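*Asks:* Could you have a look at this structure, given as structure tokens, before my questions?
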Amino acid sequence: MKRFLRLAGVVLGLLCLSSCGPNGPGDNVEYSDLFENVADNIIVPRYAQFQSDLSALEVGLNAFDASDVQTLISLQEQFKATYLSWQSVSVFEFGPAAQYSALLRINCNSFPANVSKIEENIEAGEYNLDFPSNYQAKGLPAFDYILFHVGQNELLNELSNASRIAYMQDCLADMQNRVDEVINAWDTYRNTFVGSEDNDQNSSLSLLFNQYLYDYEKLKRDKFSLPAGFATQYGIPLDVDTSLVEGHFSKMSFQLIDANLAALENIYLGVGEDGTDGVGIFEKLKEYNAQSTVVDGDLAVAIQEQFAVCREAVDQYTNDLPFEIVNNISQVQETSNAFQKMVPMMKNDMRSYLSVTVTLTDADGD
Amino acid sequence: MKVLKQTVRLIALSMLALFASCEPTSCGGDGYDVPTSYNFENASYGGQVDRLNMLAELEMYLKTANSGGVVDAVVAKAMYANEGYTWTSDAFVDGQPTKDLKSKTFDSQQAVVEDLIDRLADLSVHGTLTTSGEKTYLFDENGFEPIQLIVKGIMGSCFYFQATSVYTSPSKMEVENDEFVEGKDYTKMQHHWDEAFGYLGAPVEFSGASTGGGVYWGKYAKKTINGGLETIDALMQNGFILGRAAIDNKDDETRDEAIGIIRAEWEMIPVAAALHYLNGAIDDIADDALRNHELSEAIAFISALKYNAEASISATQVDAIIASLGTNLYQVSPEMINEARTSLADAFGITNAADF
């Protein structure tokens, strides 16, 4: 289905290219159709999905019975579905999600988990999940640890301790409160987002582009280059540390990366959650007849193809990322190169056609 | 107080209008020349330069704790009071300074600084360093960074206090301005004015277009630019330079207007610096090292606001803003930092706090 959509995107793009006449940068391109599609068919339904996954996780937690392994398995499965679902909303950290009372990124997914802090909190039975010191001790990474860090039998034994279940319930409520707040706020923010016209720092165009770039760069660095030992900090190379991957205990690292890539790809192509291909960044670059400086030719197609290259590279792996880093570093390096190749296409080429400035700077290199 | 600031601004604007009609670039109320730099022939503020250099050497010593060194409270206090310490920096190669930082610090704060030195000395032995990338800091158990509270604290309760409250006060301004001080080429009033300027740590050519070369307040003054303020030009041209030219020309009225401008404009430097660090702390909320360091800086700069004779904000308000950050920086939330930022910005009519 996705393949077909991608193909359809290319065909549509080509049709437009031949029939719409040439446009160049500087032409007046309207974005309201893009904003409308992204808000109504992507952002709002994705948040709804994440919210419903959190509810399902709540059901699973409440139904958990330490004497019934099936309840553990379904709890674990629902957690995985929720973590995958998070990947599709992490990019929208502007407007409601960027409110200080929400800040979904740090509150839901500060990885790697701080394992000793989690155990300390559970032991104490008293904690304030709002404290910055608990960012890495809550959210999805805390579930990843509590639900997967040992084998099934030992886990059942551990989870017979009610305080571990209570801790997960508190972590879950913390996420649910924030997500509910964001979803409610989108009711009114939707029109602000869609109606934004300029390209200044607070415009929807700038917010969307910058968070999009930031989410991609975080994926590339924090989820991949950093654990693989390709990243630097202040120019100093950092050592390999496989424990830094996302989804370390559930061994979901590649699935999470792929879900994150797919989420970004669909925004790019304008594909809504119901599968309908609407107006995305792709279509806007087509309107500009944008050219790539990284590869010769059409920028819209070049980015689309690079997404395909990246996702195929990720799909090739049979084990989780820590295993591949240790046993297959040369292929990991190739994947890293594929991720890196996208950066100038987005950061330089796409940015210049959209006429926005990069406001989120990440001082750390990789 | 805000009304006062508006008035001061208005006066400043009307002065500018006055300048516009004068030749060649500017002139005072009675037609005298006002230069564009503080390059007055008989300017003298060596004592202030010494104190800036003493704080620099003290700071360097305190910061050895950030790389695991042990700070000796006796040594640090000897530096602070300049009693029995031998200065080693290049600034003192021609002789030991006779001035000191402690006696010029606002009375109640002298003991505060010394207590912080004790706390730092203890932490340098028993504390644990907190690291973020290449940066390493030493915090107390509640996340406060004594080094910042000491150094930025001295900037506020000594340098800023001396300049905006002491040397620009009637006791230092209602003085001899006809005869030179014996053996010197300046009057007492000129010298007092120069001493106030010296505490700014700015080069004589300092301007919004040329911000290099400043130390301490002269360095942090640049933070006003991000927020679109023209503090540096107003403080230099309409404050220190105009006031000195007025004194040279016995124009007390203009001098007093310049004092108002200095007090109102310099105040924007700690405000801008505090906003800058509060913004940083929100961005770095998840990083214990950076966040606590930035909050400590912000707290010290906000505290400084108390030491201005014509502060636009009451000491109670200052305390309330700091209190909104809580008593444990490991437990601060983005909302708490935002509350401090909003109250501070509101108190100064700033609507673009996030730009600083």
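Chain lettering (A, B, ...) mirrors the order of the structure tokens, residue numbering begins at 1 for each chain separately, and ligand numbering begins at 1 in order of display.
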Dump as JSON lines the rows for residues of chain A within 8 Å of chain B: closest atom pair and distance in Å with one decimal, only C-alpha atoms counted, ordered by chain and rising residue number.
*Replies:*
{"residue": "A:Tyr100", "atom": "CA", "partner": "B:Pro334", "partner_atom": "CA", "distance": 5.5}
{"residue": "A:Ser101", "atom": "CA", "partner": "B:Glu335", "partner_atom": "CA", "distance": 6.6}
{"residue": "A:Ile106", "atom": "CA", "partner": "B:Ala286", "partner_atom": "CA", "distance": 7.3}
{"residue": "A:Asp130", "atom": "CA", "partner": "B:Ser333", "partner_atom": "CA", "distance": 6.6}
{"residue": "A:Phe131", "atom": "CA", "partner": "B:Gln331", "partner_atom": "CA", "distance": 4.6}
{"residue": "A:Pro132", "atom": "CA", "partner": "B:Ala286", "partner_atom": "CA", "distance": 5.5}
{"residue": "A:Ser133", "atom": "CA", "partner": "B:Tyr330", "partner_atom": "CA", "distance": 6.4}
{"residue": "A:Tyr135", "atom": "CA", "partner": "B:Ala286", "partner_atom": "CA", "distance": 6.9}
{"residue": "A:Gln233", "atom": "CA", "partner": "B:Gly133", "partner_atom": "CA", "distance": 6.6}
{"residue": "A:Tyr234", "atom": "CA", "partner": "B:Glu134", "partner_atom": "CA", "distance": 7.5}
*Asks:* So that I can check the secondary structure, give me every residue of stretch 53-191 of chain B assigned strand (DSSP E or B) by backbone DSSP, as a PDB file with C-alpha atoms, in the first residue's frame.
*Replies:*
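Saved as states_4.pdb:
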ATOM      1  CA  LEU B 129      30.983  17.443  40.084  1.00  0.00           C
ATOM      2  CA  THR B 130      28.107  17.485  37.615  1.00  0.00           C
ATOM      3  CA  THR B 131      28.989  17.258  33.961  1.00  0.00           C
ATOM      4  CA  SER B 132      27.374  18.067  30.634  1.00  0.00           C
ATOM      5  CA  LYS B 135      31.252  21.527  30.983  1.00  0.00           C
ATOM      6  CA  THR B 136      31.621  20.669  34.621  1.00  0.00           C
ATOM      7  CA  TYR B 137      30.054  22.433  37.574  1.00  0.00           C
ATOM      8  CA  LEU B 138      29.989  22.107  41.329  1.00  0.00           C
ATOM      9  CA  PHE B 180      41.778  69.728  41.205  1.00  0.00           C
ATOM     10  CA  THR B 187      38.377  67.314  40.318  1.00  0.00           C
TER      11      THR B 187
END
*Asks:* Using only C-alpha atoms, which of the listed residues (B:Tyr216, B:Phe92, B:Tyr61, B:Phe144) sits closest to B:Lys77?
*Replies:*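 The answer is B:Tyr61, which sits nearest to B:Lys77.
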*Asks:* Show me, as a ChimeraX atom specification, the residues that have an atom within 6 Å of stretch 156-167 of chain B when counting only C-alpha atoms, minus same-chain residues fewer than 4 positions from it.
*Replies:* /B:104-106,172,192,196,199,263,304,307-309
*Asks:* Apply DSSP to the structure's backbone, then extract all residues of stretch 106-172 of chain A labelled helix (DSSP H, G or I) and return them as a PyMOL selection string.
*Replies:* chain A and resi 106-108+115-124+132-137+139-148+152-159+162-172
*Asks:* Can you pull out every residue within 12 Å of B:Gly228, counting only C-alpha atoms, but drop anything in the same chain fewer than 3 positions away, and send it as an MDAnalysis selection string?
*Replies:* chainID B and resid 208 222:225 231:232 268 272 350:356
*Asks:* Just the residues within 8 Å of stretch 62-69 of chain A, please, counting only C-alpha atoms, with nothing from its chain fewer than 3 positions along; format it as a compact mmCIF listing (two decimals) with C-alpha atoms, in the first residue's frame.
*Replies:*
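This is the output file part.txt:
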# COMPACT_ATOMS: atom_id res chain seq x y z
CA GLU A 58 -4.12 1.44 30.85
CA VAL A 59 -6.58 -1.40 30.27
CA LEU A 72 1.88 -10.02 30.65
CA ILE A 73 2.22 -10.81 26.98
CA LEU A 75 0.59 -5.82 28.23
CA GLN A 152 9.14 -13.62 31.44
CA LEU A 156 5.99 -12.17 36.52
CA ASN A 157 7.61 -12.59 39.87
CA LEU A 159 5.46 -7.60 38.85
CA SER A 160 3.62 -9.41 41.61
*Asks:* Find the residue from A:Asp40, A:Glu217, A:Asp144, A:Asp241 that sits nearest to A:Ser110; use only C-alpha atoms when measuring.
*Replies:* A:Asp144
*Asks:* Let me make sure I understand: among B:Glu205, B:Glu114, B:Glu176, B:Glu230, which one has the smallest atom-to-atom distance to B:Ile269 if we use only C-alpha atoms?
*Replies:*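 That would be B:Glu230, the residue with the smallest distance to B:Ile269.
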*Asks:* Give me the residues within 9 Å of stretch 88-90 of chain B as a PyMOL selection string, counting only C-alpha atoms and dropping any in the same chain fewer than 4 places off.
*Replies:* chain B and resi 53-54+56-57+94+96
*Asks:* Generate a file of the selected residues that holds N, CA and C atoms, formatted as a PDB file, in the first residue's frame.
*Replies:*
ATOM      1  N   ASN B  53      40.050  43.226  37.979  1.00  0.00           N
ATOM      2  CA  ASN B  53      41.103  42.215  37.838  1.00  0.00           C
ATOM      3  C   ASN B  53      41.190  41.303  39.059  1.00  0.00           C
ATOM      4  N   MET B  54      40.892  41.868  40.225  1.00  0.00           N
ATOM      5  CA  MET B  54      40.897  41.037  41.433  1.00  0.00           C
ATOM      6  C   MET B  54      39.768  40.006  41.372  1.00  0.00           C
ATOM      7  N   ALA B  56      38.542  38.827  38.706  1.00  0.00           N
ATOM      8  CA  ALA B  56      38.931  37.845  37.682  1.00  0.00           C
ATOM      9  C   ALA B  56      39.855  36.787  38.280  1.00  0.00           C
ATOM     10  N   GLU B  57      40.815  37.236  39.099  1.00  0.00           N
ATOM     11  CA  GLU B  57      41.742  36.266  39.695  1.00  0.00           C
ATOM     12  C   GLU B  57      41.035  35.402  40.743  1.00  0.00           C
ATOM     13  N   ASP B  94      53.036  45.170  37.879  1.00  0.00           N
ATOM     14  CA  ASP B  94      53.757  46.377  38.288  1.00  0.00           C
ATOM     15  C   ASP B  94      53.563  46.720  39.753  1.00  0.00           C
ATOM     16  N   GLN B  96      51.346  45.290  43.676  1.00  0.00           N
ATOM     17  CA  GLN B  96      50.162  44.718  44.292  1.00  0.00           C
ATOM     18  C   GLN B  96      49.085  45.788  44.448  1.00  0.00           C
TER      19      GLN B  96
END
*Asks:* For atom CA of A:Cys171 and atom CA of A:Leu129, determine how far apart the two atoms are, in Å to one decimal place.
*Replies:* 7.6 Å
